[in-house]
Every structure is written in structure tokens, then in C-alpha cells.
>>> print(open('query28.csv').read())   # CSV, C-alpha atoms and all ligand atoms
chain,number,residue,atom,x,y,z
A,236,MET,CA,37.3,4.6,-40.5
A,237,THR,CA,40.9,5.4,-39.5
A,238,SER,CA,42.5,3.2,-37.0
A,239,LYS,CA,42.4,6.2,-34.5
A,240,ASN,CA,38.7,6.5,-35.0
A,241,ARG,CA,38.3,2.8,-34.4
A,242,GLN,CA,40.3,3.0,-31.2
A,243,GLN,CA,38.1,5.8,-30.0
A,244,THR,CA,34.9,3.9,-30.8
A,245,LEU,CA,36.2,0.9,-28.9
A,246,LEU,CA,37.0,3.1,-25.9
A,247,VAL,CA,33.5,4.6,-25.9
A,248,LEU,CA,32.1,1.1,-26.1
A,249,ILE,CA,34.1,-0.1,-23.1
A,250,VAL,CA,33.0,2.9,-21.1
A,251,VAL,CA,29.3,2.3,-22.0
A,252,VAL,CA,29.5,-1.4,-21.1
A,253,ALA,CA,31.3,-0.6,-17.8
A,254,ALA,CA,28.6,1.9,-16.9
A,255,LEU,CA,25.9,-0.6,-17.6
A,256,VAL,CA,27.6,-3.3,-15.5
A,257,LEU,CA,28.2,-1.0,-12.6
A,258,GLY,CA,24.7,0.5,-12.9
A,259,GLY,CA,23.3,-3.0,-12.7
A,260,ARG,CA,25.3,-3.8,-9.6
A,261,MET,CA,24.0,-0.6,-7.9
A,262,ARG,CA,20.5,-1.5,-8.7
A,263,GLY,CA,21.2,-4.9,-7.1
A,264,ALA,CA,22.3,-3.2,-3.9
A,265,GLY,CA,19.0,-1.2,-3.9
A,266,ALA,CA,17.0,-4.4,-4.2
A,267,GLN,CA,18.8,-5.7,-1.1
A,268,GLU,CA,17.7,-2.6,0.8
A,269,GLU,CA,14.1,-3.2,-0.2
A,270,ASP,CA,14.3,-6.6,1.4
A,271,GLN,CA,14.8,-4.9,4.7
A,272,PHE,CA,11.2,-3.8,5.0
A,273,PRO,CA,9.6,-5.6,7.9
A,274,PRO,CA,8.3,-9.1,6.9
A,275,GLY,CA,4.7,-9.0,5.7
A,276,SER,CA,4.7,-5.2,5.1
A,277,GLU,CA,5.1,-5.7,1.4
A,278,GLU,CA,2.1,-7.9,1.2
A,279,TYR,CA,0.2,-5.4,3.3
A,280,ILE,CA,1.1,-2.7,0.7
A,281,GLU,CA,0.6,-4.9,-2.3
A,282,MET,CA,-2.9,-5.8,-1.3
A,283,GLY,CA,-3.9,-2.2,-0.7
A,284,CYS,CA,-4.7,-2.6,3.0
A,285,TYR,CA,-2.7,0.6,3.7
A,286,GLN,CA,-5.0,2.7,1.6
A,287,CYS,CA,-7.8,2.5,4.2
A,288,HIS,CA,-5.9,1.3,7.3
A,289,GLY,CA,-2.7,3.4,7.1
A,290,TYR,CA,0.9,2.3,6.3
A,291,ASP,CA,1.4,1.2,9.9
A,292,GLY,CA,-2.2,0.0,10.6
A,293,ASN,CA,-3.1,3.1,12.6
A,294,GLY,CA,-6.3,3.6,10.6
A,295,GLY,CA,-7.7,6.1,8.2
A,296,GLY,CA,-10.8,5.5,6.2
A,297,GLY,CA,-11.0,2.1,7.9
A,298,PRO,CA,-10.4,1.2,11.6
A,299,ARG,CA,-7.0,1.0,13.3
A,300,LEU,CA,-5.6,-2.5,13.0
A,301,ALA,CA,-2.4,-2.2,15.0
A,302,PRO,CA,-0.9,-2.3,17.6
A,303,ASP,CA,-2.6,-5.3,19.1
A,304,PRO,CA,-4.5,-6.6,16.1
A,305,LEU,CA,-7.7,-8.7,16.7
A,306,PRO,CA,-7.1,-12.4,17.4
A,307,PHE,CA,-6.2,-14.1,14.1
A,308,ALA,CA,-9.6,-16.0,13.7
A,309,ALA,CA,-11.6,-12.7,14.0
A,310,PHE,CA,-9.0,-10.9,11.8
A,311,SER,CA,-9.2,-13.4,9.0
A,312,SER,CA,-13.0,-13.7,9.1
A,313,VAL,CA,-13.3,-9.9,8.6
A,314,VAL,CA,-10.8,-10.0,5.7
A,315,ARG,CA,-12.7,-12.9,4.0
A,316,ARG,CA,-16.2,-11.6,4.8
A,317,PRO,CA,-16.2,-7.9,5.8
A,318,PRO,CA,-19.3,-6.8,7.6
A,319,ASN,CA,-19.8,-3.5,5.7
A,320,VAL,CA,-17.9,-1.3,3.2
A,321,MET,CA,-14.5,-3.1,3.2
A,322,PRO,CA,-14.0,-5.1,0.0
A,323,ALA,CA,-13.8,-8.9,0.6
A,324,TYR,CA,-10.5,-10.7,-0.1
A,325,SER,CA,-11.0,-14.3,-1.3
A,326,PRO,CA,-8.2,-16.8,-0.9
A,327,LYS,CA,-7.7,-16.6,-4.7
A,328,VAL,CA,-6.7,-12.9,-4.4
A,329,LEU,CA,-5.0,-13.1,-1.0
A,330,THR,CA,-3.7,-16.6,-0.1
A,331,ASP,CA,-3.8,-17.8,3.6
A,332,GLU,CA,0.0,-17.6,3.6
A,333,LYS,CA,-0.1,-13.9,2.6
A,334,LEU,CA,-2.8,-13.2,5.1
A,335,ARG,CA,-0.6,-14.7,7.8
A,336,ASP,CA,2.3,-12.6,6.7
A,337,ILE,CA,0.2,-9.5,6.9
A,338,TYR,CA,-1.1,-10.4,10.3
A,339,GLU,CA,2.5,-11.0,11.5
A,340,TYR,CA,3.5,-7.6,10.2
A,341,LEU,CA,0.6,-5.9,12.1
A,342,GLU,CA,1.5,-7.9,15.2
A,343,SER,CA,5.1,-6.6,15.0
A,344,ILE,CA,4.1,-3.0,15.1
A,345,PRO,CA,5.1,-1.7,18.6
A,346,ASP,CA,2.9,0.2,21.0
A,347,PRO,CA,3.3,4.0,20.8
A,348,PRO,CA,5.2,5.6,23.6
A,349,ASP,CA,3.3,6.5,26.7
A,350,ALA,CA,1.9,10.1,26.5
A,351,SER,CA,3.7,11.1,29.7
A,352,SER,CA,7.1,10.3,28.0
A,353,VAL,CA,6.4,12.9,25.3
A,354,PRO,CA,7.5,16.3,26.7
A,355,ALA,CA,5.2,18.4,24.5
A,356,LEU,CA,2.2,16.5,26.0
A,357,SER,CA,3.2,16.8,29.6
A,358,GLU,CA,3.9,20.6,29.5
A,359,GLU,CA,1.2,22.8,30.8
B,1,LIG,C1,-11.4,0.3,0.7
B,1,LIG,C2,-10.9,0.4,2.1
B,1,LIG,C3,-10.4,-0.8,2.8
B,1,LIG,C4,-9.4,-1.6,2.3
B,1,LIG,C5,-8.6,-1.6,1.0
B,1,LIG,C6,-9.1,-2.6,3.4
B,1,LIG,N1,-10.0,-2.4,4.4
B,1,LIG,FE1,-10.1,-3.4,6.1
B,1,LIG,N2,-11.7,-2.3,6.7
B,1,LIG,C7,-12.2,-1.2,6.0
B,1,LIG,C8,-13.4,-0.7,6.7
B,1,LIG,C9,-14.3,0.5,6.3
B,1,LIG,C10,-13.6,-1.6,7.9
B,1,LIG,C11,-14.8,-1.5,8.9
B,1,LIG,C12,-15.7,-2.7,8.6
B,1,LIG,C13,-16.4,-2.6,7.3
B,1,LIG,O1,-16.9,-1.5,7.0
B,1,LIG,O2,-16.5,-3.6,6.5
B,1,LIG,C14,-12.5,-2.5,7.8
B,1,LIG,C15,-12.3,-3.5,8.8
B,1,LIG,C16,-11.2,-4.3,8.9
B,1,LIG,C17,-10.9,-5.2,10.0
B,1,LIG,C18,-11.6,-5.3,11.3
B,1,LIG,C19,-11.0,-4.3,12.3
B,1,LIG,C20,-11.8,-4.2,13.6
B,1,LIG,O3,-11.2,-3.8,14.6
B,1,LIG,O4,-13.0,-4.5,13.6
B,1,LIG,C21,-9.7,-5.8,9.7
B,1,LIG,C22,-9.0,-6.9,10.5
B,1,LIG,C23,-9.3,-5.4,8.3
B,1,LIG,N3,-10.2,-4.4,7.9
B,1,LIG,C24,-8.2,-5.8,7.7
B,1,LIG,C25,-7.8,-5.4,6.4
B,1,LIG,C26,-6.7,-6.0,5.6
B,1,LIG,C27,-5.8,-7.0,6.2
B,1,LIG,C28,-6.8,-5.4,4.4
B,1,LIG,C29,-5.9,-5.8,3.2
B,1,LIG,C30,-5.9,-7.2,2.8
B,1,LIG,C31,-7.9,-4.5,4.4
B,1,LIG,N4,-8.5,-4.5,5.6
B,1,LIG,C32,-8.2,-3.6,3.3
B,1,LIG,C33,-11.7,-0.7,4.9
B,1,LIG,C34,-10.8,-1.3,4.1
>>> encode(input="query28.csv", output="C-alpha cells")
Amino acid sequence: MTSKNRQQTLLVLIVVVAALVLGGRMRGAGAQEEDQFPPGSEEYIEMGCYQCHGYDGNGGGGPRLAPDPLPFAAFSSVVRRPPNVMPAYSPKVLTDEKLRDIYEYLESIPDPPDASSVPALSEE
């Protein structure tokens, strides 16, 4: 290898390393944004509740869970021992702490706006 070639190789190496380092930083920034999801929503998604109850708890295959979720005692008893087709979540799969987090997420979902405040719904 000539010394010019060696210099070029070194330059390429520096550029590649710099790109990796900067790329890593940017991914780090993305991870920070992920942390901005509402508390408990990640557990809600991770446990698959959204598949039947919708991302914001407004129902789908299963009943609506939010806004105004059931009182916690009733809520947790359904999750642990569902009455019908919903799969049961034992504390091994879904810890009490995660269940609390999910409940707090559902509690944090705001009421929808009143129908009269939506112009398209009040027009004749
Ligand atoms: C496979 C679909 C499915 C998944 C996944 C699922 N559910 Fe359900 N859920 C249902 C159905 C259907 C019902 C109605 C009761 C029944 O059939 O057991 C229900 C009922 C409920 C109820 C009672 C609601 C009411 O008003 O009576 C709660 C609370 C609930 N689910 C919470 C959860 C949570 C929390 C998760 C995630 C940990 C979850 N569900 C995952 C289908 C599902």
C-alpha cells in the first residue's frame, strides 16, 4: 500500500466511525421520545389489551375500558378471572404493578368532547 492509499483508508475509517457514533446518538434521541408515551400505555400495548380494547381503550372486539374505567377492584378481578372469552392474565404474566400502571393509563384518558361542540354534529 502506498502512503497515499493508507491515508485514504484512514480517512474512510474515520468517516465510518463518526457516522456510527452520530447514528448511535440519534437513536438515543429517538429512545427519549419513546419515553414520552403516557405512563402505563406501553404496558397496555405490551400485554396486548389494545388488540381487543383499542389503543385508547375505546373498545373493539372487547368492551370499551375508558374513559371512566371500572373501579380498580372490579377491573382487576375481570383481568385475573374474565367471565367469558377474554384470556385470563395471571400475576405471573401481568404483575400487580403493571396492572396498576395499565389502570392509571386508562384513567388518564380524557372524556371525548361534548357532541354539541363538534360543528359537523350540530349542523342540520
Ligand atoms: C382477545 C381479546 C382480549 C384481550 C387481549 C383483552 N381483553 Fe379484556 N375483554 C375482552 C372481552 C371479549 C371482554 C368481555 C368479557 C369477556 O368476554 O370475558 C373483556 C372485558 C374486559 C374488562 C371488563 C370491562 C367491562 O366493562 O365489563 C376489562 C376491565 C378488561 N377486559 C381489561 C383488559 C385488559 C387490562 C387487558 C390487557 C391486560 C385485556 N382486557 C385484554 C377481550 C379481550
>>> atom_distance(input="query28.csv", atom1="atom CA of A:Ser352", atom2="atom CA of A:Leu305")
26.6 Å
>>> closest_atom_pairs(input="query28.csv", of="chain A", to="ligand LIG 1 (chain B)", cutoff="9 Å", atoms="all atoms listed in the file", output="tab-separated table")
residue	atom	partner	partner_atom	distance
A:Glu278	CA	B:LIG1	C30	8.2
A:Tyr279	CA	B:LIG1	C29	6.1
A:Ile280	CA	B:LIG1	C29	8.1
A:Glu281	CA	B:LIG1	C29	8.6
A:Met282	CA	B:LIG1	C30	5.3
A:Gly283	CA	B:LIG1	C5	5.0
A:Cys284	CA	B:LIG1	C29	3.4
A:Tyr285	CA	B:LIG1	C5	6.9
A:Gln286	CA	B:LIG1	C5	5.6
A:Cys287	CA	B:LIG1	C2	4.3
A:His288	CA	B:LIG1	N1	6.2
A:Gly292	CA	B:LIG1	C24	8.8
A:Gly294	CA	B:LIG1	C7	8.9
A:Gly295	CA	B:LIG1	C33	8.6
A:Gly296	CA	B:LIG1	C9	6.1
A:Gly297	CA	B:LIG1	C8	3.9
A:Pro298	CA	B:LIG1	C19	5.6
A:Arg299	CA	B:LIG1	O3	6.5
A:Leu300	CA	B:LIG1	C19	5.7
A:Ala301	CA	B:LIG1	O3	9.0
A:Pro304	CA	B:LIG1	C22	7.2
A:Leu305	CA	B:LIG1	O3	6.4
A:Phe307	CA	B:LIG1	C22	8.5
A:Ala309	CA	B:LIG1	C22	7.3
A:Phe310	CA	B:LIG1	C22	4.2
A:Ser311	CA	B:LIG1	C22	6.7
A:Ser312	CA	B:LIG1	C22	8.0
A:Val313	CA	B:LIG1	C17	5.5
A:Val314	CA	B:LIG1	C24	5.3
A:Arg315	CA	B:LIG1	C30	9.0
A:Arg316	CA	B:LIG1	O2	8.2
A:Pro317	CA	B:LIG1	O2	4.4
A:Pro318	CA	B:LIG1	O2	4.4
A:Asn319	CA	B:LIG1	O2	3.4
A:Val320	CA	B:LIG1	O1	3.9
A:Met321	CA	B:LIG1	O2	3.9
A:Pro322	CA	B:LIG1	C1	6.0
A:Ala323	CA	B:LIG1	C32	8.2
A:Tyr324	CA	B:LIG1	C30	6.5
A:Leu329	CA	B:LIG1	C30	7.1
A:Lys333	CA	B:LIG1	C30	8.9
A:Leu334	CA	B:LIG1	C27	7.0
A:Ile337	CA	B:LIG1	C27	6.5
A:Tyr338	CA	B:LIG1	C27	7.1
A:Leu341	CA	B:LIG1	C27	8.8
>>> write_last_selection(input="query28.csv", atoms="C-alpha atoms", output="CSV table (one decimal), keeping the file's coordinate frame")
chain,number,residue,atom,x,y,z
A,278,GLU,CA,2.1,-7.9,1.2
A,279,TYR,CA,0.2,-5.4,3.3
A,280,ILE,CA,1.1,-2.7,0.7
A,281,GLU,CA,0.6,-4.9,-2.3
A,282,MET,CA,-2.9,-5.8,-1.3
A,283,GLY,CA,-3.9,-2.2,-0.7
A,284,CYS,CA,-4.7,-2.6,3.0
A,285,TYR,CA,-2.7,0.6,3.7
A,286,GLN,CA,-5.0,2.7,1.6
A,287,CYS,CA,-7.8,2.5,4.2
A,288,HIS,CA,-5.9,1.3,7.3
A,292,GLY,CA,-2.2,0.0,10.6
A,294,GLY,CA,-6.3,3.6,10.6
A,295,GLY,CA,-7.7,6.1,8.2
A,296,GLY,CA,-10.8,5.5,6.2
A,297,GLY,CA,-11.0,2.1,7.9
A,298,PRO,CA,-10.4,1.2,11.6
A,299,ARG,CA,-7.0,1.0,13.3
A,300,LEU,CA,-5.6,-2.5,13.0
A,301,ALA,CA,-2.4,-2.2,15.0
A,304,PRO,CA,-4.5,-6.6,16.1
A,305,LEU,CA,-7.7,-8.7,16.7
A,307,PHE,CA,-6.2,-14.1,14.1
A,309,ALA,CA,-11.6,-12.7,14.0
A,310,PHE,CA,-9.0,-10.9,11.8
A,311,SER,CA,-9.2,-13.4,9.0
A,312,SER,CA,-13.0,-13.7,9.1
A,313,VAL,CA,-13.3,-9.9,8.6
A,314,VAL,CA,-10.8,-10.0,5.7
A,315,ARG,CA,-12.7,-12.9,4.0
A,316,ARG,CA,-16.2,-11.6,4.8
A,317,PRO,CA,-16.2,-7.9,5.8
A,318,PRO,CA,-19.3,-6.8,7.6
A,319,ASN,CA,-19.8,-3.5,5.7
A,320,VAL,CA,-17.9,-1.3,3.2
A,321,MET,CA,-14.5,-3.1,3.2
A,322,PRO,CA,-14.0,-5.1,0.0
A,323,ALA,CA,-13.8,-8.9,0.6
A,324,TYR,CA,-10.5,-10.7,-0.1
A,329,LEU,CA,-5.0,-13.1,-1.0
A,333,LYS,CA,-0.1,-13.9,2.6
A,334,LEU,CA,-2.8,-13.2,5.1
A,337,ILE,CA,0.2,-9.5,6.9
A,338,TYR,CA,-1.1,-10.4,10.3
A,341,LEU,CA,0.6,-5.9,12.1
>>> residues_around(input="query28.csv", residues="A:Ile344", least_positions_apart="4", cutoff="8 Å", atoms="all atoms listed in the file", output="list of chain:residue names")
A:Asp291, A:Ala301, A:Pro302, A:Tyr340
>>> closest_residue(input="query28.csv", among="A:Ser325, A:Ser357, A:Thr244, A:Ser276", to="A:Glu342", atoms="only C-alpha atoms")
A:Ser276
>>> atom_distance(input="query28.csv", atom1="atom CA of A:Pro345", atom2="atom CA of A:Glu277")
17.7 Å
>>> atom_distance(input="query28.csv", atom1="atom CA of A:Tyr290", atom2="atom CA of A:Ser343")
13.1 Å
